Amino acid sequence: MPPKKSTPKKTAPAKARQKMQMADIARLSGVSKSTVSRALAGSALISEETRERVREVASRFKYTINRMAVELRSGTNRTIAVVVPYEDHCRQTFADPFFHAMIGSLADALTERGLEMLLTRVPADHIDSIAAIVDGGRAAGVILIGQWRQHEALNELAARSVPFVVWGAHLPGQQYCSIGGDNRLGGRLAGEHLVAKGRTQAIFLGDRELPEVALRLKGFTEALKAGGASLGARRIKATSFLPDSGREVMQAVMKEGHAIDAIFASSDLLAMTAVGVLHEHGISVPGDVSVVGYDDVGISAHFNPPLTTVRQPIHAGGVALVDALTRLIAGEAVADEPMLPTELVARASS
């Protein structure tokens with residue numbers, strides 16, 4: 001009969017490489033598991049000496065807390081979902097400069113409060129799916145970037161007490177919390193600036209079915225009218241925020257042969273696209289046509305020519321959204337938030 005093969009004993013180094021459990025850290029530190037949990041969380045209930053001893057042992061064995069497991073045991077959730085809705089026919093990517101800036105602002109604001117960010121997308125016409133993110137325990141609340149065309153659906157979510165806030169406009173009959181700049185004022189500032197430059201034959205680029213864009217257009221037309229100019233329906237050019245859409249619309253504008261001395265675009269990216277098309281047709285900016293954008297994304301100041309634009313309060317917006325959502329989760333009423341400051345930044349394009 002062949003001799004039985006003996007199973008080699010695990011060496012100390014091999015054992016050290018195994019996944020350490022909280023019970024192991026507790027045993028090696030000479031404390032209970034609950035003390036380990038509190039010590040690694042920085043609880044003031046644990047003495048500094050004990051905290052340091054537990055941390056030293058945890059560091060030696062590269063042990064980290066499974067935060068999700070802790071949250072499940074404690075009934076708390078430190079994750080906030082940042083959701084960017086999209087429409088299939090005009091899906092902006094995360095590479096869009098505005099999304100870059102807003103997501104960065106939210107990430108900073110969440111980190112400062114010890115919160116984590118879950119970044120995801122949902123179809124705009126299924127906006128109610130954000131409820132599942134909270135109901136399923138993936139996040140404690142949701143920050144939506146944009147209302148799109150879903151005002152009534154958002155009101156229904158608010159009626160169901162889903163904890164969410166929206167970067168967007170203030171609309172009639174609104175039951176949910178939205179935070180954003182004063183879009184109507186922003187449009188008015190753009191119009192007043194162009195009128196002051198003697199521009200009276202403007203074109204507007206944007207999708208006025210979107211609440212924020214509609215308010216920008218409203219303010220713009222008010223300013224033109226007050227300055228003795230007007231914006232006829234044929235000068236309001238419908239386009240999504242996508243550069244390809246803006247380029248197509250601008251090429252059509254060139255073929256139509258409109259007399260143009262100004263363009264107000266509902267985003268900086270559209271404004272830059274417009275400048276590119278104008279240059280292709282030998283039209284000088286700002287010599288022949290003044291161009292004003294909206295957002296003041298980082299690249300705007302470095303564009304050629306540097307872009308005049310309406311500055312969105314993106315950093316302040318990220319902070320305000322996180323503050324409002326955490327208060328909402330805590331049970332406070334946050335339906336009526338003030339609009340954030342909006343200003344025009346004049347540069348060489350106008």
# chains A, B, ... in the order shown; residues from 1 in each chain; ligands from 1
call {"tool": "residues_around", "arguments": {"residues": "A:Arg121", "least_positions_apart": "3", "cutoff": "7 Å", "atoms": "only C-alpha atoms", "output": "PyMOL selection string"}}
result
chain A and resi 83-85
call {"tool": "write_last_selection", "arguments": {"atoms": "N, CA and C atoms", "output": "compact mmCIF listing (two decimals), in the first residue's frame"}}
result
# COMPACT_ATOMS: atom_id res chain seq x y z
N VAL A 83 -26.54 60.96 -11.43
CA VAL A 83 -27.16 60.38 -12.62
C VAL A 83 -27.24 61.42 -13.73
N VAL A 84 -26.75 61.03 -14.90
CA VAL A 84 -26.83 61.88 -16.08
C VAL A 84 -27.84 61.27 -17.04
N PRO A 85 -29.05 61.81 -17.12
CA PRO A 85 -30.03 61.27 -18.07
C PRO A 85 -29.57 61.51 -19.51
call {"tool": "residues_around", "arguments": {"residues": "stretch 240-256 of chain A", "least_positions_apart": "4", "cutoff": "10 Å", "atoms": "only C-alpha atoms", "output": "JSON, numbers by chain"}}
result
{"A": [89, 90, 91, 92, 93, 96, 203, 205, 206, 207, 208, 210, 234, 235, 260, 265, 266, 267, 268, 269, 270, 271, 272, 273, 274, 275, 276, 277, 278, 280, 281]}
call {"tool": "select_by_dssp", "arguments": {"residues": "stretch 151-241 of chain A", "states": "strand (DSSP E)", "output": "list in words"}}
result
Phe164, Val165, Val166, Trp167, Cys177, Ser178, Ile179, Ala202, Ile203, Phe204, Leu205, Ile236 and Lys237 of chain A
call {"tool": "write_last_selection", "arguments": {"atoms": "N, CA and C atoms", "output": "short mmCIF file (atom, residue, chain, number, x, y, z; two decimals), in the first residue's frame"}}
result
data_model
loop_
_atom_site.label_atom_id
_atom_site.label_comp_id
_atom_site.auth_asym_id
_atom_site.auth_seq_id
_atom_site.Cartn_x
_atom_site.Cartn_y
_atom_site.Cartn_z
N PHE A 164 -34.08 62.90 -4.03
CA PHE A 164 -33.26 63.34 -5.16
C PHE A 164 -33.32 64.85 -5.27
N VAL A 165 -32.29 65.43 -5.88
CA VAL A 165 -32.27 66.84 -6.23
C VAL A 165 -31.78 66.94 -7.67
N VAL A 166 -32.08 68.07 -8.32
CA VAL A 166 -31.81 68.21 -9.75
C VAL A 166 -31.02 69.48 -10.02
N TRP A 167 -30.00 69.36 -10.88
CA TRP A 167 -29.39 70.56 -11.44
C TRP A 167 -30.29 70.97 -12.60
N CYS A 177 -36.81 69.53 -5.57
CA CYS A 177 -35.78 70.56 -5.40
C CYS A 177 -34.89 70.63 -6.63
N SER A 178 -34.81 71.81 -7.24
CA SER A 178 -33.85 72.04 -8.33
C SER A 178 -32.93 73.18 -7.94
N ILE A 179 -31.70 73.06 -8.37
CA ILE A 179 -30.68 74.07 -8.08
C ILE A 179 -29.97 74.39 -9.39
N ALA A 202 -29.39 88.74 -34.84
CA ALA A 202 -28.85 87.59 -34.11
C ALA A 202 -29.50 86.28 -34.54
N ILE A 203 -28.77 85.20 -34.26
CA ILE A 203 -29.26 83.82 -34.40
C ILE A 203 -29.13 83.16 -33.03
N PHE A 204 -30.13 82.36 -32.67
CA PHE A 204 -30.07 81.59 -31.41
C PHE A 204 -29.93 80.12 -31.75
N LEU A 205 -29.01 79.43 -31.06
CA LEU A 205 -28.80 78.00 -31.24
C LEU A 205 -29.14 77.24 -29.97
N ILE A 236 -34.43 81.30 -34.73
CA ILE A 236 -34.26 80.39 -33.59
C ILE A 236 -34.01 79.00 -34.18
N LYS A 237 -32.79 78.52 -34.08
CA LYS A 237 -32.38 77.29 -34.75
C LYS A 237 -32.28 76.14 -33.74
#
call {"tool": "closest_residue", "arguments": {"among": "A:Ala124, A:Leu40, A:Leu307, A:Ala81", "to": "A:Val142", "atoms": "only C-alpha atoms"}}
result
A:Ala81
call {"tool": "closest_residue", "arguments": {"among": "A:Arg149, A:Arg327, A:Arg78, A:Arg188", "to": "A:Pro123", "atoms": "only C-alpha atoms"}}
result
A:Arg149
call {"tool": "select_by_dssp", "arguments": {"residues": "stretch 45-218 of chain A", "states": "alpha helix (DSSP H)", "output": "PyMOL selection string"}}
result
chain A and resi 48-60+67-74+97-112+130-135+151-159+183-196+211-218
call {"tool": "atom_distance", "arguments": {"atom1": "atom CA of A:Lys197", "atom2": "atom CA of A:Thr308"}}
result
12.6 Å
call {"tool": "closest_residue", "arguments": {"among": "A:Gly42, A:Gly317, A:Pro306, A:Pro341", "to": "A:Ala109", "atoms": "only C-alpha atoms"}}
result
A:Gly317
call {"tool": "atom_distance", "arguments": {"atom1": "atom CA of A:Ala262", "atom2": "atom CA of A:Val213"}}
result
17.8 Å
call {"tool": "closest_residue", "arguments": {"among": "A:Gln201, A:Thr221, A:Thr35, A:Thr239", "to": "A:Ser290", "atoms": "only C-alpha atoms"}}
result
A:Gln201
call {"tool": "closest_residue", "arguments": {"among": "A:Ala301, A:Val134, A:Ala190, A:Leu215", "to": "A:Ala169", "atoms": "only C-alpha atoms"}}
result
A:Leu215
call {"tool": "closest_residue", "arguments": {"among": "A:Ala226, A:Met20, A:Met117, A:Val345", "to": "A:Asp296", "atoms": "only C-alpha atoms"}}
result
A:Val345
call {"tool": "atom_distance", "arguments": {"atom1": "atom CA of A:Ile283", "atom2": "atom CA of A:Gly187"}}
result
24.2 Å
